[in-house]
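Have a look at the structure below before the remarks.
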Amino acid sequence: MAERSFNTEVEDLRLGAGETFTGEGILAITKALLESGVGYVGGYQGAPISHLMDVLADAQDVLDDLGVRFEANASEAAATAMLAASVHYPIRGAVTYKGAVGVNVASDALANLSSSGVNGGALIIVGEDYGEGSSIMQERSHAFAMKSQFWLLDPRPNLPSIVQAVKQGFELSEASNTPVMLMVRIRCCHVTGQFETAENIPPPLTVRDALANPRKDFHRVVLPPMSYAHEKDKVENRWPAAESYIAEHKLNERFGPDGGNVGIILQGGMYNGVIRALQRIGLADLYGQTDVPLFVLNVTYPLVGTEVLEFVEGKKALLVVEEGQPDFIEQTVGSMLFKAGVQTRLMGKDVLPMAGEYTGHVLLDGVTALLKAAAPDMLPSRVRSPNQDAAEVPDLSKTVPTRPPGFCTGCPERPIFAALKIVQHELGEHQITGDIGCHLFAALPPFEIGGSTMGYGLGPASNAAFGAGGEKRAISILGDGGFWHNGLSSSIGNMVFNRSDSVAVIIDNYYSAATGGQDVLSSRASNPTKATNNPISAAVRGVGVTWVREIDRTYDVPRMCDVFREALTTDYQGPKVIIASSECMLNRQRREKPLRNESIKAGRRVKVPRFGVDEDICTGDHACIRLSGCPSLTLKTVEDPLRDDPVAHVDQTCVGCGNCGEVADAAALCPSFYRADIVYNPNKFERWRAGLRARTIRWLQRRREQKVLIFEATE
């Protein structure tokens with residue numbers, strides 16, 4: 001099950017002409033796709049567009065009514081290949097990518113698609129989660145747009161602009177026979193607002209209709225000499241057609257006065273931040289009315305030279321607000337000014353950071369620097385005077401501790417790495433590589449297992465150089481999502497083909513958990529629209545792995561230790577695969593908690609396990625925490641004058657997985673952990689038994705108190 005259901009919200013996708021839609025950006029994008037007559041949609045989930053895929057899955061009935069095909073693709077490469085339907089047929093198609101890393105995955109298919117060109121509109125929605133909120137390496141998609149010659153949209157982050165960008169993206173794609181990439185940031189995906197809806201449009205040509213009348217065009221195949229013709233067509237025909245459409249339909253926007261000494265050229269996604277900076281200075285109001293001219297690039301590639309030069313005319317200085325590096329837009333604008341002989345001063349990365357997220361404070365500093373250099377009279381006196389500059393943001397790094405990401409409470413992956421840590425303590429440190437997914441948290445304390453990752457599903461491939469074996473075998477980790485995404489062929493198949501004498505651990509938590517809990521091929525749930533319950537073990541055996549061990553309960557730490565020891569010490573030479581399976585605790589709690597609360601409310605008997613630590617037995621060495629790291633396992637100070645160290649303590653967030661006790665037992669740490677079952681709505685016998693126990697305990701306590709010697713001091 002996905003982390004969030006949109007079953008209620010998707011009904012708003014049926015709104016007709018003239019009605020008002022209220023909701024999040026991802027829902028607005030979906031509604032805009034339906035209003036654009038899209039014929040098929042697909043993609044791969046991932047922040048910040050995970051919920052877009054969830055919306056599409058929950059809107060299956062709406063899509064079916066319109067004749068729209070929806071597919072959850074195995075990867076961004078598979079999603080891009082799906083857009084081949086728009087190469088020969090006038091069908092509009094849209095797919096989603098996780099972000100810049102998704103563009104990397106899809107680069108081969110994307111290059112072919114851009115070379116051949118499209119007939120129907122092809123829209124790629126990329127969740128560009130640049131900055132501190134990102135879960136990936138810091139890169140931009142802009143470079144791929146330049147390399148492969150497709151057009152890049154970056155709309156202002158409000159619902160009307162997002163909806164307009166989707167519709168104009170399809171039109172721009174068809175006008176220039178080129179795929180278009182729509183870049184949406186985290187704030188863009190989850191901003192809320194309203195827009196006036198239009199009627200949903202069934203695709204004029206459905207994919208079913210196209211199947212009945214197949215088409216082909218040899219000139220669109222990316223082979224010499226057609227590929228050379230494609231390159232010329234991009235530059236001589238498609239690019240000018242795109243520029244003409246952009247200028248004619250005013251996809252880019254201008255705000256503020258026409259004249260002035262200064263101006264700002266900015267990415268559409270930076271609009272809210274720039275306006276907020278101008279508001280703080282006093283040069284813009286709450287409604288976006290600005291005293292500083294703004295040229296908002298809702299299309300960041302290609303730039304239309306005539307538009308840029310028209311905006312710059314008469315200005316002494318120009319600031320380019322371009323988040324991330326390299327400074328592609330700034331370089332292009334600089335080249336345009338130089339070739340036109342314009343002497344306007346160009347500012348950008350000299351007053352704004354070359355890398356890093358453009359937060360409100362960063363943009364405030366950049367805009368202030370522009371005005372101080374070229375229009376100081378526009379600044380209020382409190383900013384103009386160097387003695388009254390705003391105080392610097394305090395450095396809290398020494399006061400507030402860092403909070404790196406980690407496994408959830410009760411995560412079934414935690415005992416896997418606790419077991420591996422125990423085995424490494426016995427057999428010595430091993431060469432270990434990680435993979436994209438929750439299991440990458442094992443590289444952090446308290447486990448500190450694995451120190452590199454090369455890509456989704458590439459954990460074992462990252463250890464290929466060590467596949468010849470030696471005194472110790474290499475160990476690699478990958479998850480079930482990564483396994484189905486790319487790992488089966490690129491990692492496991494690679495191990496088999498090269499006879500790698502190493503160990504691959506496939507962590508099967510039943511979902512693509514790190515992206516929001518979506519189903520994958522091996523998920524155990526019954527999915528009405530997708531094929532699940534396809535065992536990973538059958539797949540790895542199918543590509544030639546013969547040494548396979550399966551563990552269906554990862555919380556069994558002694559069993560996990562035994563399997564790791566066997567894999568690392570066996571005489572068998574060749575690939576060894578361990579499949580460790582337990583359901584993602586976060587998804588499990590999402591499913592079970594509502595049912596449990598409903599049963600308790602209805603008066604039915606419910607038993608909930610909880611774990612604790614006996615304060616009298618705990619020695620306070622905290623080894624259990626060093627081998628678990630569970631957020632519910634913390635410290636507690638005891639009121640015992642003879643004990644200085646705090647004892648371990650299990651707080652109220654415990655979900656009763658039992659990992660802490662299992663780890664303590666497997667590592668022979670201590671017997672201080674206990675399990676207590678909390679019974680809601682107990683029956684008469686249980687209430688009588690609990691009362692008897694309480695009375696017995698009180699009697700024993702009074703008896704002990706009577707035997708205690710008490711000495712009173714007298715004067």
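How things are named: the first chain in the structure tokens is A, the next is B, and so on; residues count from 1 in each chain; ligands count from 1 in the order shown.
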Would you mind listing what lies within 7 Å of segment 448-464 of chain A as an NGL selection string, with only C-alpha atoms counted and same-chain residues fewer than 5 positions away left out?
-> :A and (432-436 or 442-443 or 474 or 476-478 or 482-483 or 485-487 or 490-491 or 504)
Store the residues picked out above in a file with C-alpha atoms, as a short mmCIF file (atom, residue, chain, number, x, y, z; two decimals), in the first residue's frame.
data_model
loop_
_atom_site.label_atom_id
_atom_site.label_comp_id
_atom_site.auth_asym_id
_atom_site.auth_seq_id
_atom_site.Cartn_x
_atom_site.Cartn_y
_atom_site.Cartn_z
CA ILE A 432 30.64 -4.15 1.64
CA THR A 433 28.76 -1.98 -0.85
CA GLY A 434 25.31 -0.52 -0.36
CA ASP A 435 22.54 0.46 -2.73
CA ILE A 436 19.87 3.10 -3.13
CA ALA A 442 23.17 1.07 7.47
CA ALA A 443 26.24 3.09 6.44
CA ALA A 474 32.77 -9.25 -0.71
CA SER A 476 26.71 -6.35 -1.39
CA ILE A 477 23.26 -5.10 -0.49
CA LEU A 478 20.26 -4.28 -2.65
CA GLY A 482 16.36 -1.96 -6.83
CA PHE A 483 16.37 -5.64 -7.73
CA HIS A 485 14.46 -1.83 -11.28
CA ASN A 486 17.90 -2.80 -12.54
CA GLY A 487 19.50 -5.33 -10.22
CA SER A 490 23.00 -5.55 -14.05
CA SER A 491 23.92 -7.06 -10.69
CA ALA A 504 24.55 -10.52 -2.45
#
Residue contacts of segment 404-411 of chain A (8 Å, only C-alpha atoms) excluding same-chain residues fewer than 2 positions away, as a PyMOL selection string = chain A and resi 402+413-414+438+441-442+444+584-586+630-632+653-659
Output all heavy atoms for every residue in that selection, as a CSV table (one decimal), in the first residue's frame.
chain,number,residue,atom,x,y,z
A,402,THR,N,23.2,17.2,14.8
A,402,THR,CA,22.7,16.8,13.5
A,402,THR,C,21.8,15.6,13.6
A,402,THR,O,21.9,14.8,14.6
A,402,THR,CB,23.9,16.3,12.6
A,402,THR,OG1,24.6,15.3,13.3
A,402,THR,CG2,24.9,17.5,12.4
A,413,GLU,N,14.8,-4.2,8.5
A,413,GLU,CA,16.2,-4.2,8.0
A,413,GLU,C,17.2,-4.0,9.1
A,413,GLU,O,18.3,-4.4,9.0
A,413,GLU,CB,16.3,-3.1,7.0
A,413,GLU,CG,15.3,-3.2,5.8
A,413,GLU,CD,15.6,-2.2,4.7
A,413,GLU,OE1,16.7,-1.6,4.7
A,413,GLU,OE2,14.7,-2.0,3.9
A,414,ARG,N,16.7,-3.4,10.2
A,414,ARG,CA,17.7,-3.2,11.4
A,414,ARG,C,18.3,-4.5,11.9
A,414,ARG,O,19.5,-4.6,12.0
A,414,ARG,CB,16.9,-2.5,12.5
A,414,ARG,CG,17.8,-1.9,13.5
A,414,ARG,CD,16.9,-1.3,14.6
A,414,ARG,NE,16.0,-0.3,14.1
A,414,ARG,CZ,16.3,1.0,13.9
A,414,ARG,NH1,17.5,1.4,14.1
A,414,ARG,NH2,15.4,1.8,13.5
A,438,CYS,N,16.3,2.4,1.6
A,438,CYS,CA,16.3,2.5,3.1
A,438,CYS,C,17.6,1.8,3.6
A,438,CYS,O,18.2,2.3,4.6
A,438,CYS,CB,15.1,1.9,3.7
A,438,CYS,SG,13.5,2.6,3.2
A,441,PHE,N,20.9,3.4,4.9
A,441,PHE,CA,21.1,4.0,6.3
A,441,PHE,C,22.0,3.2,7.1
A,441,PHE,O,22.5,3.6,8.1
A,441,PHE,CB,19.7,4.1,7.0
A,441,PHE,CG,18.7,5.0,6.3
A,441,PHE,CD1,17.3,4.8,6.4
A,441,PHE,CD2,19.1,6.1,5.6
A,441,PHE,CE1,16.4,5.6,5.8
A,441,PHE,CE2,18.2,6.9,5.0
A,441,PHE,CZ,16.9,6.7,5.1
A,442,ALA,N,22.3,1.9,6.7
A,442,ALA,CA,23.2,1.1,7.5
A,442,ALA,C,24.6,1.6,7.4
A,442,ALA,O,25.4,1.2,8.3
A,442,ALA,CB,23.1,-0.4,6.9
A,444,LEU,N,25.4,4.5,8.3
A,444,LEU,CA,25.5,5.4,9.4
A,444,LEU,C,25.5,4.6,10.7
A,444,LEU,O,25.2,3.5,10.8
A,444,LEU,CB,24.3,6.3,9.4
A,444,LEU,CG,24.1,7.1,8.1
A,444,LEU,CD1,22.7,7.8,8.1
A,444,LEU,CD2,25.2,8.1,7.9
A,584,CYS,N,7.8,-4.2,5.5
A,584,CYS,CA,8.1,-2.8,5.9
A,584,CYS,C,7.2,-2.5,7.1
A,584,CYS,O,6.0,-2.5,7.0
A,584,CYS,CB,8.0,-1.8,4.8
A,584,CYS,SG,7.9,-0.1,5.3
A,585,MET,N,7.8,-2.1,8.3
A,585,MET,CA,7.0,-1.9,9.4
A,585,MET,C,6.1,-0.6,9.3
A,585,MET,O,5.0,-0.6,9.8
A,585,MET,CB,7.9,-1.7,10.7
A,585,MET,CG,7.2,-1.5,12.0
A,585,MET,SD,6.0,-2.8,12.4
A,585,MET,CE,7.1,-4.1,12.9
A,586,LEU,N,6.6,0.3,8.5
A,586,LEU,CA,5.8,1.6,8.4
A,586,LEU,C,4.6,1.2,7.6
A,586,LEU,O,3.5,1.7,8.0
A,586,LEU,CB,6.7,2.6,7.6
A,586,LEU,CG,6.2,4.0,7.7
A,586,LEU,CD1,6.2,4.5,9.1
A,586,LEU,CD2,7.2,4.9,6.9
A,630,CYS,N,17.4,1.5,17.5
A,630,CYS,CA,16.0,1.8,17.3
A,630,CYS,C,15.6,3.1,18.0
A,630,CYS,O,16.0,3.4,19.1
A,630,CYS,CB,15.2,0.6,17.8
A,630,CYS,SG,13.4,0.9,17.7
A,631,PRO,N,14.8,4.0,17.3
A,631,PRO,CA,14.4,5.2,17.9
A,631,PRO,C,13.7,5.1,19.2
A,631,PRO,O,13.7,6.0,20.1
A,631,PRO,CB,13.5,5.9,16.9
A,631,PRO,CG,14.0,5.3,15.6
A,631,PRO,CD,14.4,3.9,15.9
A,632,SER,N,13.0,3.9,19.4
A,632,SER,CA,12.3,3.7,20.7
A,632,SER,C,13.1,3.2,21.8
A,632,SER,O,12.7,3.2,22.9
A,632,SER,CB,11.1,2.7,20.4
A,632,SER,OG,11.7,1.4,20.2
A,653,THR,N,6.9,4.7,21.8
A,653,THR,CA,6.8,4.5,20.4
A,653,THR,C,7.0,3.1,19.9
A,653,THR,O,7.0,2.8,18.7
A,653,THR,CB,7.7,5.5,19.6
A,653,THR,OG1,9.1,5.2,20.0
A,653,THR,CG2,7.4,6.9,20.0
A,654,CYS,N,7.4,2.2,20.8
A,654,CYS,CA,7.7,0.8,20.5
A,654,CYS,C,6.5,0.2,19.7
A,654,CYS,O,5.3,0.4,20.1
A,654,CYS,CB,8.0,0.1,21.8
A,654,CYS,SG,8.1,-1.7,21.5
A,655,VAL,N,6.8,-0.6,18.7
A,655,VAL,CA,5.8,-1.2,17.9
A,655,VAL,C,5.8,-2.7,18.2
A,655,VAL,O,5.0,-3.5,17.5
A,655,VAL,CB,5.9,-1.0,16.4
A,655,VAL,CG1,5.7,0.5,16.1
A,655,VAL,CG2,7.3,-1.4,15.9
A,656,GLY,N,6.6,-3.2,19.1
A,656,GLY,CA,6.6,-4.6,19.5
A,656,GLY,C,7.2,-5.5,18.5
A,656,GLY,O,6.8,-6.7,18.4
A,657,CYS,N,8.2,-5.1,17.7
A,657,CYS,CA,8.8,-6.0,16.8
A,657,CYS,C,9.7,-7.0,17.4
A,657,CYS,O,10.0,-8.1,16.9
A,657,CYS,CB,9.6,-5.2,15.7
A,657,CYS,SG,11.1,-4.4,16.3
A,658,GLY,N,10.3,-6.7,18.6
A,658,GLY,CA,11.1,-7.6,19.3
A,658,GLY,C,12.6,-7.6,18.9
A,658,GLY,O,13.4,-8.4,19.4
A,659,ASN,N,12.9,-6.7,18.0
A,659,ASN,CA,14.3,-6.6,17.6
A,659,ASN,C,15.3,-6.4,18.7
A,659,ASN,O,16.4,-7.1,18.7
A,659,ASN,CB,14.5,-5.5,16.5
A,659,ASN,CG,15.9,-5.4,16.0
A,659,ASN,OD1,16.5,-6.3,15.5
A,659,ASN,ND2,16.4,-4.2,16.2
Excluding Asp61 of chain A and its own-chain neighbours fewer than 2 positions away, which residues fall within 12 Å of it when counting only C-alpha atoms? Please give them as an mmCIF file with N, CA, C and O atoms, in the first residue's frame.
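Printed below is around19.cif as written:
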data_model
loop_
_atom_site.group_PDB
_atom_site.id
_atom_site.type_symbol
_atom_site.label_atom_id
_atom_site.label_comp_id
_atom_site.auth_asym_id
_atom_site.auth_seq_id
_atom_site.Cartn_x
_atom_site.Cartn_y
_atom_site.Cartn_z
ATOM 1 N N ASN A 7 -7.957 8.344 -2.836
ATOM 2 C CA ASN A 7 -9.251 7.853 -3.317
ATOM 3 C C ASN A 7 -10.328 8.926 -3.282
ATOM 4 O O ASN A 7 -11.219 8.963 -4.148
ATOM 5 N N VAL A 10 -9.248 12.094 -5.929
ATOM 6 C CA VAL A 10 -9.292 11.863 -7.378
ATOM 7 C C VAL A 10 -10.675 12.111 -7.967
ATOM 8 O O VAL A 10 -10.804 12.285 -9.187
ATOM 9 N N GLU A 11 -11.694 12.172 -7.131
ATOM 10 C CA GLU A 11 -13.021 12.496 -7.656
ATOM 11 C C GLU A 11 -13.056 13.906 -8.236
ATOM 12 O O GLU A 11 -13.853 14.206 -9.127
ATOM 13 N N LEU A 13 -10.937 15.078 -10.120
ATOM 14 C CA LEU A 13 -10.430 15.022 -11.493
ATOM 15 C C LEU A 13 -11.564 14.975 -12.509
ATOM 16 O O LEU A 13 -11.334 15.165 -13.698
ATOM 17 N N ARG A 14 -12.783 14.748 -12.040
ATOM 18 C CA ARG A 14 -13.942 14.699 -12.939
ATOM 19 C C ARG A 14 -14.607 16.070 -13.101
ATOM 20 O O ARG A 14 -15.607 16.190 -13.815
ATOM 21 N N VAL A 55 -1.439 9.144 -7.225
ATOM 22 C CA VAL A 55 -2.682 9.746 -7.730
ATOM 23 C C VAL A 55 -3.147 9.016 -8.983
ATOM 24 O O VAL A 55 -4.328 8.662 -9.124
ATOM 25 N N LEU A 56 -2.214 8.767 -9.898
ATOM 26 C CA LEU A 56 -2.570 8.082 -11.142
ATOM 27 C C LEU A 56 -3.098 6.675 -10.863
ATOM 28 O O LEU A 56 -4.053 6.220 -11.501
ATOM 29 N N ALA A 57 -2.476 5.982 -9.901
ATOM 30 C CA ALA A 57 -2.935 4.634 -9.569
ATOM 31 C C ALA A 57 -4.342 4.660 -8.975
ATOM 32 O O ALA A 57 -5.190 3.824 -9.309
ATOM 33 N N ASP A 58 -4.600 5.641 -8.089
ATOM 34 C CA ASP A 58 -5.921 5.737 -7.467
ATOM 35 C C ASP A 58 -6.980 6.251 -8.440
ATOM 36 O O ASP A 58 -8.175 6.086 -8.204
ATOM 37 N N ALA A 59 -6.528 6.901 -9.531
ATOM 38 C CA ALA A 59 -7.466 7.459 -10.520
ATOM 39 C C ALA A 59 -7.696 6.504 -11.684
ATOM 40 O O ALA A 59 -8.132 6.930 -12.757
ATOM 41 N N LEU A 63 -9.205 7.265 -15.492
ATOM 42 C CA LEU A 63 -8.412 7.052 -16.703
ATOM 43 C C LEU A 63 -9.103 6.071 -17.645
ATOM 44 O O LEU A 63 -9.135 6.276 -18.868
ATOM 45 N N ASP A 64 -9.660 5.005 -17.072
ATOM 46 C CA ASP A 64 -10.343 4.004 -17.896
ATOM 47 C C ASP A 64 -11.547 4.607 -18.622
ATOM 48 O O ASP A 64 -11.805 4.286 -19.792
ATOM 49 N N ASP A 65 -12.280 5.479 -17.925
ATOM 50 C CA ASP A 65 -13.457 6.101 -18.543
ATOM 51 C C ASP A 65 -13.076 6.938 -19.759
ATOM 52 O O ASP A 65 -13.861 7.060 -20.713
ATOM 53 N N LEU A 66 -11.872 7.507 -19.734
ATOM 54 C CA LEU A 66 -11.425 8.357 -20.840
ATOM 55 C C LEU A 66 -10.649 7.579 -21.903
ATOM 56 O O LEU A 66 -10.302 8.130 -22.945
ATOM 57 N N GLY A 67 -10.330 6.309 -21.612
ATOM 58 C CA GLY A 67 -9.537 5.517 -22.548
ATOM 59 C C GLY A 67 -8.054 5.813 -22.473
ATOM 60 O O GLY A 67 -7.332 5.713 -23.470
ATOM 61 N N VAL A 68 -7.570 6.182 -21.264
ATOM 62 C CA VAL A 68 -6.156 6.513 -21.055
ATOM 63 C C VAL A 68 -5.444 5.315 -20.444
ATOM 64 O O VAL A 68 -5.907 4.748 -19.445
ATOM 65 N N ARG A 69 -4.336 4.925 -21.020
ATOM 66 C CA ARG A 69 -3.541 3.805 -20.519
ATOM 67 C C ARG A 69 -2.576 4.303 -19.441
ATOM 68 O O ARG A 69 -1.878 5.294 -19.623
ATOM 69 N N PHE A 70 -2.549 3.628 -18.276
ATOM 70 C CA PHE A 70 -1.607 3.956 -17.204
ATOM 71 C C PHE A 70 -0.703 2.770 -16.927
ATOM 72 O O PHE A 70 -1.172 1.639 -16.801
ATOM 73 N N PRO A 528 -5.254 -5.222 -7.600
ATOM 74 C CA PRO A 528 -6.265 -5.474 -8.639
ATOM 75 C C PRO A 528 -5.819 -5.125 -10.056
ATOM 76 O O PRO A 528 -6.385 -5.625 -11.026
ATOM 77 N N THR A 529 -4.799 -4.251 -10.187
ATOM 78 C CA THR A 529 -4.394 -3.825 -11.533
ATOM 79 C C THR A 529 -2.976 -4.236 -11.898
ATOM 80 O O THR A 529 -2.547 -4.001 -13.030
#
Extract, using only C-alpha atoms, all DNA, RNA and protein residues at most 10 Å from Asp651 of chain A, discarding same-chain residues fewer than 6 positions from it, and format them as an MDAnalysis selection string.
-> chainID A and resid 610:613 631:636
For C-alpha atoms, I'd like the residues from the last selection saved as a CSV table (one decimal), in the first residue's frame.
chain,number,residue,atom,x,y,z
A,610,ARG,CA,5.3,-4.1,24.0
A,611,PHE,CA,8.8,-4.6,25.1
A,612,GLY,CA,10.7,-3.1,28.0
A,613,VAL,CA,13.9,-3.2,30.0
A,631,PRO,CA,14.4,5.2,17.9
A,632,SER,CA,12.3,3.7,20.7
A,633,LEU,CA,15.3,2.4,22.5
A,634,THR,CA,16.6,5.3,24.7
A,635,LEU,CA,18.1,6.0,28.1
A,636,LYS,CA,16.6,6.5,31.5
Could you tell me, as an MDAnalysis selection string, which residues of segment 22-197 of chain A DSSP assigns to helix (DSSP H, G or I) when given the backbone?
-> chainID A and resid 25:35 50:58 60:66 76:82 85:88 100:105 107:116 142:148 159:176 186:190
Mind dumping the selected residues with C-alpha atoms as an mmCIF file, in the first residue's frame?
data_model
loop_
_atom_site.group_PDB
_atom_site.id
_atom_site.type_symbol
_atom_site.label_atom_id
_atom_site.label_comp_id
_atom_site.auth_asym_id
_atom_site.auth_seq_id
_atom_site.Cartn_x
_atom_site.Cartn_y
_atom_site.Cartn_z
ATOM 1 C CA GLY A 25 0.183 20.582 -7.283
ATOM 2 C CA ILE A 26 0.418 16.880 -8.086
ATOM 3 C CA LEU A 27 -3.358 16.647 -8.387
ATOM 4 C CA ALA A 28 -3.378 19.770 -10.561
ATOM 5 C CA ILE A 29 -0.812 18.169 -12.876
ATOM 6 C CA THR A 30 -2.994 15.070 -13.222
ATOM 7 C CA LYS A 31 -6.083 17.159 -13.963
ATOM 8 C CA ALA A 32 -4.137 19.161 -16.566
ATOM 9 C CA LEU A 33 -3.045 15.937 -18.277
ATOM 10 C CA LEU A 34 -6.661 14.812 -18.580
ATOM 11 C CA GLU A 35 -7.740 18.217 -19.892
ATOM 12 C CA SER A 50 5.975 9.824 -5.713
ATOM 13 C CA HIS A 51 2.461 10.981 -4.958
ATOM 14 C CA LEU A 52 1.862 11.786 -8.603
ATOM 15 C CA MET A 53 2.189 8.080 -9.365
ATOM 16 C CA ASP A 54 -0.062 7.325 -6.387
ATOM 17 C CA VAL A 55 -2.682 9.746 -7.730
ATOM 18 C CA LEU A 56 -2.570 8.082 -11.142
ATOM 19 C CA ALA A 57 -2.935 4.634 -9.569
ATOM 20 C CA ASP A 58 -5.921 5.737 -7.467
ATOM 21 C CA GLN A 60 -7.550 4.256 -12.571
ATOM 22 C CA ASP A 61 -11.352 4.437 -12.954
ATOM 23 C CA VAL A 62 -11.156 8.014 -14.243
ATOM 24 C CA LEU A 63 -8.412 7.052 -16.703
ATOM 25 C CA ASP A 64 -10.343 4.004 -17.896
ATOM 26 C CA ASP A 65 -13.457 6.101 -18.543
ATOM 27 C CA LEU A 66 -11.425 8.357 -20.840
ATOM 28 C CA GLU A 76 12.707 5.806 -15.889
ATOM 29 C CA ALA A 77 14.379 4.163 -18.891
ATOM 30 C CA ALA A 78 11.315 1.969 -19.385
ATOM 31 C CA ALA A 79 9.063 4.999 -18.988
ATOM 32 C CA THR A 80 10.956 6.947 -21.659
ATOM 33 C CA ALA A 81 10.852 3.988 -24.017
ATOM 34 C CA MET A 82 7.066 4.037 -23.544
ATOM 35 C CA ALA A 85 4.141 5.557 -28.965
ATOM 36 C CA SER A 86 4.279 9.301 -29.679
ATOM 37 C CA VAL A 87 7.015 8.963 -32.294
ATOM 38 C CA HIS A 88 4.791 7.602 -35.072
ATOM 39 C CA ALA A 100 17.964 14.322 -12.107
ATOM 40 C CA VAL A 101 18.919 10.757 -11.187
ATOM 41 C CA GLY A 102 15.906 9.557 -13.192
ATOM 42 C CA VAL A 103 17.178 11.523 -16.166
ATOM 43 C CA ASN A 104 20.491 9.711 -15.760
ATOM 44 C CA VAL A 105 18.737 6.345 -15.767
ATOM 45 C CA SER A 107 19.501 8.983 -20.752
ATOM 46 C CA ASP A 108 19.874 6.309 -23.441
ATOM 47 C CA ALA A 109 16.180 6.145 -24.273
ATOM 48 C CA LEU A 110 15.864 9.922 -23.922
ATOM 49 C CA ALA A 111 18.677 10.527 -26.423
ATOM 50 C CA ASN A 112 17.029 8.219 -28.952
ATOM 51 C CA LEU A 113 13.620 9.832 -28.423
ATOM 52 C CA SER A 114 15.087 13.324 -28.878
ATOM 53 C CA SER A 115 16.941 12.264 -32.002
ATOM 54 C CA SER A 116 13.973 10.689 -33.778
ATOM 55 C CA HIS A 142 19.366 21.342 -17.691
ATOM 56 C CA ALA A 143 22.565 19.769 -19.040
ATOM 57 C CA PHE A 144 20.612 16.877 -20.578
ATOM 58 C CA ALA A 145 18.195 19.286 -22.239
ATOM 59 C CA MET A 146 21.162 21.022 -23.889
ATOM 60 C CA LYS A 147 22.916 17.778 -24.780
ATOM 61 C CA SER A 148 19.949 15.981 -26.325
ATOM 62 C CA LEU A 159 -1.578 25.904 -9.634
ATOM 63 C CA PRO A 160 -2.723 28.042 -12.610
ATOM 64 C CA SER A 161 0.879 28.272 -13.889
ATOM 65 C CA ILE A 162 1.458 24.539 -13.419
ATOM 66 C CA VAL A 163 -1.725 23.641 -15.319
ATOM 67 C CA GLN A 164 -0.883 26.071 -18.109
ATOM 68 C CA ALA A 165 2.652 24.650 -18.351
ATOM 69 C CA VAL A 166 1.312 21.103 -18.831
ATOM 70 C CA LYS A 167 -1.000 22.179 -21.642
ATOM 71 C CA GLN A 168 1.562 24.419 -23.323
ATOM 72 C CA GLY A 169 4.182 21.700 -22.928
ATOM 73 C CA PHE A 170 2.162 19.369 -25.137
ATOM 74 C CA GLU A 171 1.553 22.136 -27.666
ATOM 75 C CA LEU A 172 5.250 23.120 -27.713
ATOM 76 C CA SER A 173 6.205 19.473 -28.223
ATOM 77 C CA GLU A 174 3.878 19.111 -31.190
ATOM 78 C CA ALA A 175 4.813 22.489 -32.688
ATOM 79 C CA SER A 176 8.520 21.548 -32.703
ATOM 80 C CA ILE A 186 9.174 19.900 -4.113
ATOM 81 C CA ARG A 187 7.292 23.121 -3.329
ATOM 82 C CA CYS A 188 5.672 23.016 -6.753
ATOM 83 C CA CYS A 189 4.395 19.462 -6.244
ATOM 84 C CA HIS A 190 2.892 20.101 -2.834
#
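What separates atom CA of Pro293 of chain A from atom CA of Phe338 of chain A is a distance of 21.4 Å.
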Nearby residues (only C-alpha atoms) at most 12 Å from Phe328 of chain A, same-chain spacing under 6 positions excluded, as a list in words =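 Within the cut-off, the hits are Arg140, Ser141, His142, Ala143, Phe144, Ala145, Met146, Lys147, Gln267, Thr300, Tyr301, Pro302, Leu303, Val320, Val321, Glu322, Gly334, Ser335, Gly348, Lys349 and Met354 of chain A.
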C-alpha atoms of the current selection, written as an mmCIF file, in the first residue's frame:
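What follows is the written file result12.cif:
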data_model
loop_
_atom_site.group_PDB
_atom_site.id
_atom_site.type_symbol
_atom_site.label_atom_id
_atom_site.label_comp_id
_atom_site.auth_asym_id
_atom_site.auth_seq_id
_atom_site.Cartn_x
_atom_site.Cartn_y
_atom_site.Cartn_z
ATOM 1 C CA ARG A 140 20.427 19.496 -12.692
ATOM 2 C CA SER A 141 18.475 18.241 -15.683
ATOM 3 C CA HIS A 142 19.366 21.342 -17.691
ATOM 4 C CA ALA A 143 22.565 19.769 -19.040
ATOM 5 C CA PHE A 144 20.612 16.877 -20.578
ATOM 6 C CA ALA A 145 18.195 19.286 -22.239
ATOM 7 C CA MET A 146 21.162 21.022 -23.889
ATOM 8 C CA LYS A 147 22.916 17.778 -24.780
ATOM 9 C CA GLN A 267 13.893 30.574 -13.395
ATOM 10 C CA THR A 300 14.638 27.763 -19.295
ATOM 11 C CA TYR A 301 15.796 26.021 -22.468
ATOM 12 C CA PRO A 302 15.899 27.196 -25.167
ATOM 13 C CA LEU A 303 16.255 30.910 -24.403
ATOM 14 C CA VAL A 320 20.402 36.145 -13.287
ATOM 15 C CA VAL A 321 18.841 33.954 -10.590
ATOM 16 C CA GLU A 322 19.768 30.388 -11.540
ATOM 17 C CA GLY A 334 26.210 36.707 -21.296
ATOM 18 C CA SER A 335 26.890 35.371 -24.772
ATOM 19 C CA GLY A 348 24.714 36.202 -11.071
ATOM 20 C CA LYS A 349 27.002 33.676 -9.489
ATOM 21 C CA MET A 354 27.545 28.747 -7.300
#
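Among the candidates A:Ile536, A:Gly120, A:Asn298, A:His361, the residue lying nearest to Val207 of chain A is A:Gly120 (atoms considered: only C-alpha atoms).
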